[in-house]
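This is run04.pdb. It holds PDB, C-alpha atoms.
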ATOM      1  CA  GLN A  17      40.295  38.680 130.372
ATOM      2  CA  VAL A  18      42.628  37.038 127.904
ATOM      3  CA  LYS A  19      41.035  35.271 124.969
ATOM      4  CA  LEU A  20      42.559  33.426 122.015
ATOM      5  CA  VAL A  21      40.180  32.177 119.332
ATOM      6  CA  GLU A  22      41.396  30.028 116.458
ATOM      7  CA  SER A  23      39.517  29.657 113.189
ATOM      8  CA  GLY A  24      40.040  28.425 109.657
ATOM      9  CA  GLY A  25      40.248  24.696 110.237
ATOM     10  CA  GLY A  26      38.362  22.172 108.144
ATOM     11  CA  LEU A  27      38.598  19.331 105.672
ATOM     12  CA  VAL A  28      41.180  19.687 102.911
ATOM     13  CA  LYS A  29      42.498  17.294 100.297
ATOM     14  CA  PRO A  30      46.121  16.103 100.324
ATOM     15  CA  GLY A  31      48.310  18.675  98.626
ATOM     16  CA  GLY A  32      45.881  21.440  99.481
ATOM     17  CA  SER A  33      46.280  24.619 101.492
ATOM     18  CA  LEU A  34      44.616  26.205 104.496
ATOM     19  CA  ARG A  35      45.120  29.400 106.466
ATOM     20  CA  LEU A  36      44.501  29.378 110.195
ATOM     21  CA  SER A  37      43.822  32.530 112.186
ATOM     22  CA  CYS A  38      44.016  33.291 115.889
ATOM     23  CA  ALA A  39      42.244  36.382 117.203
ATOM     24  CA  VAL A  40      43.704  37.650 120.462
ATOM     25  CA  SER A  41      42.132  39.965 123.022
ATOM     26  CA  GLY A  42      42.950  40.996 126.567
ATOM     27  CA  LEU A  43      46.689  41.270 125.860
ATOM     28  CA  THR A  44      48.937  43.922 124.339
ATOM     29  CA  PHE A  45      49.310  41.705 121.282
ATOM     30  CA  SER A  46      52.081  43.756 119.674
ATOM     31  CA  GLU A  47      54.345  43.059 122.666
ATOM     32  CA  GLU A  48      53.846  39.282 122.734
ATOM     33  CA  TYR A  49      55.616  36.326 121.218
ATOM     34  CA  MET A  50      53.033  33.910 119.825
ATOM     35  CA  SER A  51      53.125  30.256 118.880
ATOM     36  CA  TRP A  52      51.313  27.390 117.180
ATOM     37  CA  ILE A  53      51.146  23.919 118.737
ATOM     38  CA  ARG A  54      49.353  20.952 117.221
ATOM     39  CA  GLN A  55      47.965  17.659 118.478
ATOM     40  CA  ALA A  56      47.261  14.753 116.157
ATOM     41  CA  PRO A  57      44.240  12.597 117.103
ATOM     42  CA  GLY A  58      45.034  10.605 120.249
ATOM     43  CA  LYS A  59      48.620  11.886 120.321
ATOM     44  CA  GLY A  60      50.705  14.351 122.292
ATOM     45  CA  LEU A  61      51.540  18.021 121.819
ATOM     46  CA  GLU A  62      53.934  19.179 119.114
ATOM     47  CA  PHE A  63      55.400  22.697 119.115
ATOM     48  CA  ILE A  64      55.512  23.746 115.466
ATOM     49  CA  SER A  65      56.088  27.486 115.168
ATOM     50  CA  TYR A  66      56.620  30.806 116.926
ATOM     51  CA  ILE A  67      56.970  34.443 115.945
ATOM     52  CA  GLY A  68      58.438  37.421 117.754
ATOM     53  CA  ASP A  69      56.444  40.470 118.781
ATOM     54  CA  SER A  70      57.350  42.558 115.720
ATOM     55  CA  GLY A  71      57.398  39.662 113.259
ATOM     56  CA  SER A  72      60.801  38.231 114.011
ATOM     57  CA  PRO A  73      62.367  35.971 114.956
ATOM     58  CA  ILE A  74      60.427  33.200 113.269
ATOM     59  CA  TYR A  75      60.812  29.481 113.894
ATOM     60  CA  HIS A  76      59.268  26.470 112.204
ATOM     61  CA  ALA A  77      59.795  22.893 113.297
ATOM     62  CA  ASP A  78      61.445  20.585 110.762
ATOM     63  CA  SER A  79      58.144  18.729 110.329
ATOM     64  CA  VAL A  80      56.535  21.823 108.755
ATOM     65  CA  LYS A  81      59.501  23.856 107.486
ATOM     66  CA  GLY A  82      59.100  24.930 103.878
ATOM     67  CA  ARG A  83      55.355  24.182 103.917
ATOM     68  CA  PHE A  84      53.940  26.259 106.784
ATOM     69  CA  THR A  85      54.448  29.983 107.382
ATOM     70  CA  ILE A  86      53.611  31.840 110.569
ATOM     71  CA  SER A  87      52.755  35.540 110.401
ATOM     72  CA  ARG A  88      50.947  38.214 112.362
ATOM     73  CA  ASP A  89      49.075  41.474 111.947
ATOM     74  CA  ASN A  90      49.545  43.580 115.057
ATOM     75  CA  ALA A  91      46.985  46.124 113.867
ATOM     76  CA  LYS A  92      44.368  43.359 113.859
ATOM     77  CA  ASN A  93      45.619  41.541 116.993
ATOM     78  CA  SER A  94      45.792  38.405 114.889
ATOM     79  CA  LEU A  95      48.160  35.488 114.356
ATOM     80  CA  TYR A  96      48.152  33.324 111.234
ATOM     81  CA  LEU A  97      49.447  29.995 110.000
ATOM     82  CA  GLN A  98      49.547  29.455 106.250
ATOM     83  CA  MET A  99      49.684  25.717 105.570
ATOM     84  CA  ASN A 100      50.599  24.432 102.108
ATOM     85  CA  SER A 101      51.253  20.974 100.636
ATOM     86  CA  LEU A 102      49.208  19.351 103.364
ATOM     87  CA  THR A 103      49.463  15.627 104.000
ATOM     88  CA  ALA A 104      47.506  13.200 106.174
ATOM     89  CA  GLU A 105      50.225  13.585 108.834
ATOM     90  CA  ASP A 106      49.152  17.213 109.294
ATOM     91  CA  THR A 107      45.718  16.137 110.536
ATOM     92  CA  ALA A 108      45.503  17.595 114.035
ATOM     93  CA  VAL A 109      43.951  20.141 116.328
ATOM     94  CA  TYR A 110      45.951  23.352 115.996
ATOM     95  CA  TYR A 111      46.283  25.601 119.040
ATOM     96  CA  CYS A 112      47.636  29.120 119.237
ATOM     97  CA  ALA A 113      49.276  30.119 122.501
ATOM     98  CA  ARG A 114      51.105  33.069 123.974
ATOM     99  CA  LEU A 115      54.773  32.348 124.451
ATOM    100  CA  ALA A 116      55.937  34.292 127.499
ATOM    101  CA  ASP A 117      59.014  33.744 129.664
ATOM    102  CA  SER A 118      59.769  30.585 127.670
ATOM    103  CA  SER A 119      56.414  28.934 128.344
ATOM    104  CA  CYS A 120      52.925  28.836 126.865
ATOM    105  CA  ASP A 121      50.563  30.357 129.376
ATOM    106  CA  TYR A 122      47.416  31.253 127.433
ATOM    107  CA  TRP A 123      45.906  28.823 124.902
ATOM    108  CA  GLY A 124      43.005  28.937 122.494
ATOM    109  CA  GLN A 125      40.343  26.262 122.176
ATOM    110  CA  GLY A 126      41.928  24.850 119.022
ATOM    111  CA  THR A 127      40.789  24.336 115.446
ATOM    112  CA  LEU A 128      40.660  20.931 113.746
ATOM    113  CA  VAL A 129      42.415  20.388 110.430
ATOM    114  CA  THR A 130      41.605  17.152 108.616
ATOM    115  CA  VAL A 131      43.586  16.206 105.527
ATOM    116  CA  SER A 132      41.799  13.505 103.588
ATOM    117  CA  SER A 133      40.714  12.696 100.057
TER     118      SER A 133
ATOM    119  CA  ASP B  10      66.223  19.211 119.854
ATOM    120  CA  VAL B  11      65.917  18.362 123.530
ATOM    121  CA  VAL B  12      63.982  15.155 124.186
ATOM    122  CA  LEU B  13      61.720  14.999 127.239
ATOM    123  CA  THR B  14      60.811  11.508 128.435
ATOM    124  CA  GLN B  15      57.846  11.185 130.771
ATOM    125  CA  SER B  16      57.044   8.206 132.975
ATOM    126  CA  PRO B  17      54.888   6.407 133.542
ATOM    127  CA  LEU B  18      52.750   6.550 130.403
ATOM    128  CA  SER B  19      49.673   5.683 132.429
ATOM    129  CA  LEU B  20      49.094   6.198 136.151
ATOM    130  CA  PRO B  21      46.084   4.602 137.861
ATOM    131  CA  VAL B  22      45.543   6.285 141.227
ATOM    132  CA  THR B  23      43.093   5.814 144.085
ATOM    133  CA  LEU B  24      41.108   8.923 145.000
ATOM    134  CA  GLY B  25      42.756  10.759 147.878
ATOM    135  CA  GLN B  26      46.133   9.115 147.253
ATOM    136  CA  PRO B  27      49.248  10.903 145.931
ATOM    137  CA  ALA B  28      50.518  10.714 142.375
ATOM    138  CA  SER B  29      53.929  11.464 140.930
ATOM    139  CA  ILE B  30      54.975  11.992 137.308
ATOM    140  CA  SER B  31      58.568  12.088 136.109
ATOM    141  CA  CYS B  32      60.002  14.141 133.243
ATOM    142  CA  ARG B  33      63.597  13.509 132.216
ATOM    143  CA  SER B  34      65.460  15.712 129.753
ATOM    144  CA  SER B  35      68.194  14.692 127.307
ATOM    145  CA  GLN B  36      70.074  17.872 128.263
ATOM    146  CA  SER B  37      70.244  20.037 131.344
ATOM    147  CA  LEU B  38      67.449  22.591 131.423
ATOM    148  CA  ALA B  39      69.433  25.037 133.546
ATOM    149  CA  HIS B  40      69.650  28.331 131.643
ATOM    150  CA  HIS B  41      72.673  30.650 131.869
ATOM    151  CA  THR B  42      70.372  33.260 133.444
ATOM    152  CA  GLY B  43      69.911  31.013 136.459
ATOM    153  CA  ASN B  44      66.362  30.039 135.543
ATOM    154  CA  THR B  45      65.194  26.571 134.578
ATOM    155  CA  TYR B  46      62.391  26.669 132.041
ATOM    156  CA  LEU B  47      60.406  23.537 132.726
ATOM    157  CA  SER B  48      56.599  23.774 132.716
ATOM    158  CA  TRP B  49      53.760  21.336 133.385
ATOM    159  CA  PHE B  50      50.397  21.272 131.635
ATOM    160  CA  GLN B  51      47.126  19.511 132.318
ATOM    161  CA  GLN B  52      44.819  18.486 129.481
ATOM    162  CA  ARG B  53      41.435  17.203 130.561
ATOM    163  CA  PRO B  54      39.415  15.154 128.071
ATOM    164  CA  GLY B  55      38.094  17.345 125.272
ATOM    165  CA  GLN B  56      39.815  20.489 126.550
ATOM    166  CA  SER B  57      42.788  22.638 125.627
ATOM    167  CA  PRO B  58      45.973  22.286 127.656
ATOM    168  CA  ARG B  59      46.169  24.414 130.789
ATOM    169  CA  ARG B  60      49.455  25.399 132.377
ATOM    170  CA  LEU B  61      49.824  24.371 136.013
ATOM    171  CA  ILE B  62      53.492  24.992 136.803
ATOM    172  CA  TYR B  63      56.269  27.083 135.242
ATOM    173  CA  LYS B  64      59.976  27.490 136.010
ATOM    174  CA  VAL B  65      59.955  24.069 137.700
ATOM    175  CA  SER B  66      57.915  24.931 140.774
ATOM    176  CA  LYS B  67      55.903  28.141 140.345
ATOM    177  CA  ARG B  68      52.165  27.471 140.410
ATOM    178  CA  ASP B  69      49.895  29.378 138.063
ATOM    179  CA  SER B  70      47.064  31.466 139.480
ATOM    180  CA  GLY B  71      44.057  29.356 140.414
ATOM    181  CA  VAL B  72      45.958  26.066 140.463
ATOM    182  CA  PRO B  73      45.175  24.074 143.631
ATOM    183  CA  ASP B  74      48.086  23.769 146.035
ATOM    184  CA  ARG B  75      47.866  19.978 145.887
ATOM    185  CA  PHE B  76      49.897  20.331 142.657
ATOM    186  CA  SER B  77      53.630  20.883 143.086
ATOM    187  CA  GLY B  78      56.673  20.776 140.855
ATOM    188  CA  SER B  79      60.275  20.040 141.720
ATOM    189  CA  GLY B  80      63.580  19.049 140.186
ATOM    190  CA  SER B  81      66.698  20.410 138.596
ATOM    191  CA  GLY B  82      69.106  19.757 135.750
ATOM    192  CA  THR B  83      67.605  16.871 133.824
ATOM    193  CA  ASP B  84      65.139  15.335 136.306
ATOM    194  CA  PHE B  85      61.789  16.862 137.172
ATOM    195  CA  THR B  86      58.649  15.739 138.987
ATOM    196  CA  LEU B  87      55.018  16.804 139.141
ATOM    197  CA  LYS B  88      53.253  15.683 142.311
ATOM    198  CA  ILE B  89      49.580  15.654 143.108
ATOM    199  CA  ASN B  90      49.155  15.546 146.860
ATOM    200  CA  ARG B  91      45.733  13.912 147.029
ATOM    201  CA  VAL B  92      44.187  13.030 143.701
ATOM    202  CA  GLU B  93      40.646  14.233 143.093
ATOM    203  CA  ALA B  94      38.245  13.135 140.356
ATOM    204  CA  GLU B  95      38.795  16.398 138.460
ATOM    205  CA  ASP B  96      42.509  15.585 138.139
ATOM    206  CA  VAL B  97      41.806  12.879 135.548
ATOM    207  CA  ALA B  98      43.763  14.188 132.581
ATOM    208  CA  VAL B  99      46.897  13.844 130.517
ATOM    209  CA  TYR B 100      49.859  15.759 131.923
ATOM    210  CA  TYR B 101      52.694  17.122 129.788
ATOM    211  CA  CYS B 102      56.043  18.677 130.616
ATOM    212  CA  MET B 103      57.596  21.272 128.309
ATOM    213  CA  GLN B 104      61.078  22.776 128.124
ATOM    214  CA  GLY B 105      61.721  26.399 127.183
ATOM    215  CA  THR B 106      65.435  26.553 127.931
ATOM    216  CA  HIS B 107      66.807  25.417 124.584
ATOM    217  CA  TRP B 108      65.620  27.559 121.699
ATOM    218  CA  PRO B 109      64.490  27.475 119.006
ATOM    219  CA  GLY B 110      63.224  23.917 119.269
ATOM    220  CA  LEU B 111      60.879  24.080 122.276
ATOM    221  CA  THR B 112      59.628  20.595 123.101
ATOM    222  CA  PHE B 113      56.984  18.697 125.041
ATOM    223  CA  GLY B 114      57.152  15.352 126.769
ATOM    224  CA  GLY B 115      55.023  12.522 125.471
ATOM    225  CA  GLY B 116      52.384  12.810 128.191
ATOM    226  CA  THR B 117      51.203  10.823 131.223
ATOM    227  CA  LYS B 118      47.578   9.792 131.573
ATOM    228  CA  VAL B 119      46.250   9.937 135.131
ATOM    229  CA  GLU B 120      43.146   7.845 135.757
ATOM    230  CA  ILE B 121      41.209   6.699 138.770
ATOM    231  CA  LYS B 122      41.529   3.053 139.859
TER     232      LYS B 122
END

Step by step, read the file and then write its structure as structure tokens.
Amino acid sequence: QVKLVESGGGLVKPGGSLRLSCAVSGLTFSEEYMSWIRQAPGKGLEFISYIGDSGSPIYHADSVKGRFTISRDNAKNSLYLQMNSLTAEDTAVYYCARLADSSCDYWGQGTLVTVSS
Amino acid sequence: DVVLTQSPLSLPVTLGQPASISCRSSQSLAHHTGNTYLSWFQQRPGQSPRRLIYKVSKRDSGVPDRFSGSGSGTDFTLKINRVEAEDVAVYYCMQGTHWPGLTFGGGTKVEIK
């Protein structure tokens, strides 16, 4: 049974940093492309980042480029998103998802990031 | 990046009646491999998105057969044969043809009249 569990969300002040994690089980993690998608309160889905099975290629959407960094640890079956220089516009639920055959088939339950003073 | 435009934004439907959601792309989603990477997702209130359809018309395991996808090129449709109460949700299309900027449509909210 495939399971993706995000953690690390919370309340952070503008300009602050946060590191999200996604623990994956039930898949051969080291063979999978993985992604991060976010959803601002009451808004739609925004694809923000993906990473290849061995750590490349890496993609970040323009909205987070230079501030967010995706990474993975295949030995720990874990995906990460380092978020720096956070602003109120980054307030959202962040989902990790497997990216397979150009689609996101397995999703986690999400973790809420709130950027507020 | 490819822009996906969904319509309508909101879709009130009577239980047992059909529903249809459109997703139009700013570029053709036909890939040189012959595949078309257009997926549909359902997001019920308070839940994570769940994929229903991939590659235009392939249903995911466990998805009721009242859901179907169709289309080609730039125009795609998700149809619900007979809407049930559990189908109340926001539906999103997503394109995976044009990398690296994978994109979602803005969403269509299906509600019961």

Each chain B residue no farther than 9 Å from chain A, nearest pair in Å, only C-alpha atoms, as a tab-separated table:
residue	atom	partner	partner_atom	distance
B:Tyr46	CA	A:Ser118	CA	6.4
B:Leu47	CA	A:Ser119	CA	8.0
B:Ser48	CA	A:Ser119	CA	6.8
B:Gln56	CA	A:Gln125	CA	7.3
B:Ser57	CA	A:Gln125	CA	5.6
B:Pro58	CA	A:Trp123	CA	7.1
B:Arg59	CA	A:Trp123	CA	7.4
B:Arg60	CA	A:Asp121	CA	5.9
B:Leu61	CA	A:Asp121	CA	9.0
B:Tyr63	CA	A:Ser119	CA	7.1
B:Lys64	CA	A:Ser119	CA	8.6
B:Asp69	CA	A:Asp121	CA	8.8
B:Tyr101	CA	A:Leu61	CA	8.1
B:Met103	CA	A:Ser119	CA	7.8
B:Gln104	CA	A:Ser119	CA	7.7
B:Gly105	CA	A:Ser118	CA	4.6
B:Thr106	CA	A:Ser118	CA	7.0
B:Trp108	CA	A:Ser118	CA	8.9
B:Pro109	CA	A:Tyr75	CA	6.6
B:Gly110	CA	A:Ala77	CA	7.0
B:Leu111	CA	A:Phe63	CA	6.5
B:Thr112	CA	A:Phe63	CA	6.2
B:Phe113	CA	A:Leu61	CA	6.4
B:Gly114	CA	A:Gly60	CA	7.9
B:Gly115	CA	A:Gly60	CA	5.7
B:Gly116	CA	A:Gly60	CA	6.3

Can you pull out every residue within 7 Å of stretch 17-34 of chain A, counting only C-alpha atoms, but drop anything in the same chain fewer than 2 positions away, and send it as a short mmCIF file (atom, residue, chain, number, x, y, z; two decimals) with C-alpha atoms, keeping the file's coordinate frame?
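Generated file (result-v4.cif):
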data_model
loop_
_atom_site.label_atom_id
_atom_site.label_comp_id
_atom_site.auth_asym_id
_atom_site.auth_seq_id
_atom_site.Cartn_x
_atom_site.Cartn_y
_atom_site.Cartn_z
CA LEU A 36 44.50 29.38 110.20
CA SER A 37 43.82 32.53 112.19
CA CYS A 38 44.02 33.29 115.89
CA ALA A 39 42.24 36.38 117.20
CA VAL A 40 43.70 37.65 120.46
CA SER A 41 42.13 39.97 123.02
CA GLY A 42 42.95 41.00 126.57
CA LEU A 43 46.69 41.27 125.86
CA GLN A 98 49.55 29.46 106.25
CA MET A 99 49.68 25.72 105.57
CA ASN A 100 50.60 24.43 102.11
CA SER A 101 51.25 20.97 100.64
CA LEU A 102 49.21 19.35 103.36
CA THR A 103 49.46 15.63 104.00
CA ALA A 104 47.51 13.20 106.17
CA CYS A 112 47.64 29.12 119.24
CA TRP A 123 45.91 28.82 124.90
CA GLY A 124 43.00 28.94 122.49
CA GLN A 125 40.34 26.26 122.18
CA GLY A 126 41.93 24.85 119.02
CA THR A 127 40.79 24.34 115.45
CA LEU A 128 40.66 20.93 113.75
CA VAL A 129 42.42 20.39 110.43
CA THR A 130 41.60 17.15 108.62
CA VAL A 131 43.59 16.21 105.53
CA SER A 132 41.80 13.50 103.59
CA SER A 133 40.71 12.70 100.06
#

Atom CA of B:Pro17 to atom CA of A:Ile53: how many Å, to one decimal?
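Spanning atom CA of B:Pro17 to atom CA of A:Ile53 is a straight-line distance of 23.2 Å.
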
Would you kindly return, as number ranges by chain, each protein, DNA or RNA residue with an atom no farther than 10 Å from any atom of B:Ser34, considering all atoms listed in the file and excluding same-chain residues fewer than 3 positions away?
B: 11-15, 37-38, 47, 82-85, 102-104, 114

Would you be able to write out as a JSON list (two decimals) with C-alpha atoms, in the coordinates of the input which residues have an atom within 7 Å of (46.1, 44.5, 120.2) in the file's coordinates, counting all atoms listed in the file?
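Saved to point.json:
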[["chain", "number", "residue", "atom", "x", "y", "z"],
["A", 41, "SER", "CA", 42.13, 39.97, 123.02],
["A", 43, "LEU", "CA", 46.69, 41.27, 125.86],
["A", 44, "THR", "CA", 48.94, 43.92, 124.34],
["A", 45, "PHE", "CA", 49.31, 41.70, 121.28],
["A", 46, "SER", "CA", 52.08, 43.76, 119.67],
["A", 90, "ASN", "CA", 49.54, 43.58, 115.06],
["A", 91, "ALA", "CA", 46.98, 46.12, 113.87],
["A", 92, "LYS", "CA", 44.37, 43.36, 113.86],
["A", 93, "ASN", "CA", 45.62, 41.54, 116.99]]

Coordinates-based distance that separates atom CA of A:Lys81 from atom CA of A:Asp106 (Å, one decimal)
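Atom CA of A:Lys81 lies at a distance of 12.4 Å from atom CA of A:Asp106.
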
Which residues match the PyMOL selection byres ((chain B and resi 19-29) around 9) in the file above, as number ranges by chain?
B: 16-18, 30-31, 86-94, 99, 116-122

So that I have them on file, write out the residues from the current selection with C-alpha atoms, as a PDB file, keeping the file's coordinate frame.
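again_18.pdb, written as the output of this step:
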ATOM      1  CA  SER B  16      57.044   8.206 132.975  1.00  0.00           C
ATOM      2  CA  PRO B  17      54.888   6.407 133.542  1.00  0.00           C
ATOM      3  CA  LEU B  18      52.750   6.550 130.403  1.00  0.00           C
ATOM      4  CA  ILE B  30      54.975  11.992 137.308  1.00  0.00           C
ATOM      5  CA  SER B  31      58.568  12.088 136.109  1.00  0.00           C
ATOM      6  CA  THR B  86      58.649  15.739 138.987  1.00  0.00           C
ATOM      7  CA  LEU B  87      55.018  16.804 139.141  1.00  0.00           C
ATOM      8  CA  LYS B  88      53.253  15.683 142.311  1.00  0.00           C
ATOM      9  CA  ILE B  89      49.580  15.654 143.108  1.00  0.00           C
ATOM     10  CA  ASN B  90      49.155  15.546 146.860  1.00  0.00           C
ATOM     11  CA  ARG B  91      45.733  13.912 147.029  1.00  0.00           C
ATOM     12  CA  VAL B  92      44.187  13.030 143.701  1.00  0.00           C
ATOM     13  CA  GLU B  93      40.646  14.233 143.093  1.00  0.00           C
ATOM     14  CA  ALA B  94      38.245  13.135 140.356  1.00  0.00           C
ATOM     15  CA  VAL B  99      46.897  13.844 130.517  1.00  0.00           C
ATOM     16  CA  GLY B 116      52.384  12.810 128.191  1.00  0.00           C
ATOM     17  CA  THR B 117      51.203  10.823 131.223  1.00  0.00           C
ATOM     18  CA  LYS B 118      47.578   9.792 131.573  1.00  0.00           C
ATOM     19  CA  VAL B 119      46.250   9.937 135.131  1.00  0.00           C
ATOM     20  CA  GLU B 120      43.146   7.845 135.757  1.00  0.00           C
ATOM     21  CA  ILE B 121      41.209   6.699 138.770  1.00  0.00           C
ATOM     22  CA  LYS B 122      41.529   3.053 139.859  1.00  0.00           C
TER      23      LYS B 122
END

Stretch 22-35 of chain B, all listed atoms, 4 Å padding on each side: what axis-aligned box centre and edge lengths in Å to one decimal come out, as AutoDock Vina command-line options?
--center_x 54.7 --center_y 10.8 --center_z 137.6 --size_x 35.1 --size_y 17.9 --size_z 28.6

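Picture a line from atom CA of B:Ala98 to atom CA of A:Leu97; it runs 28.1 Å.
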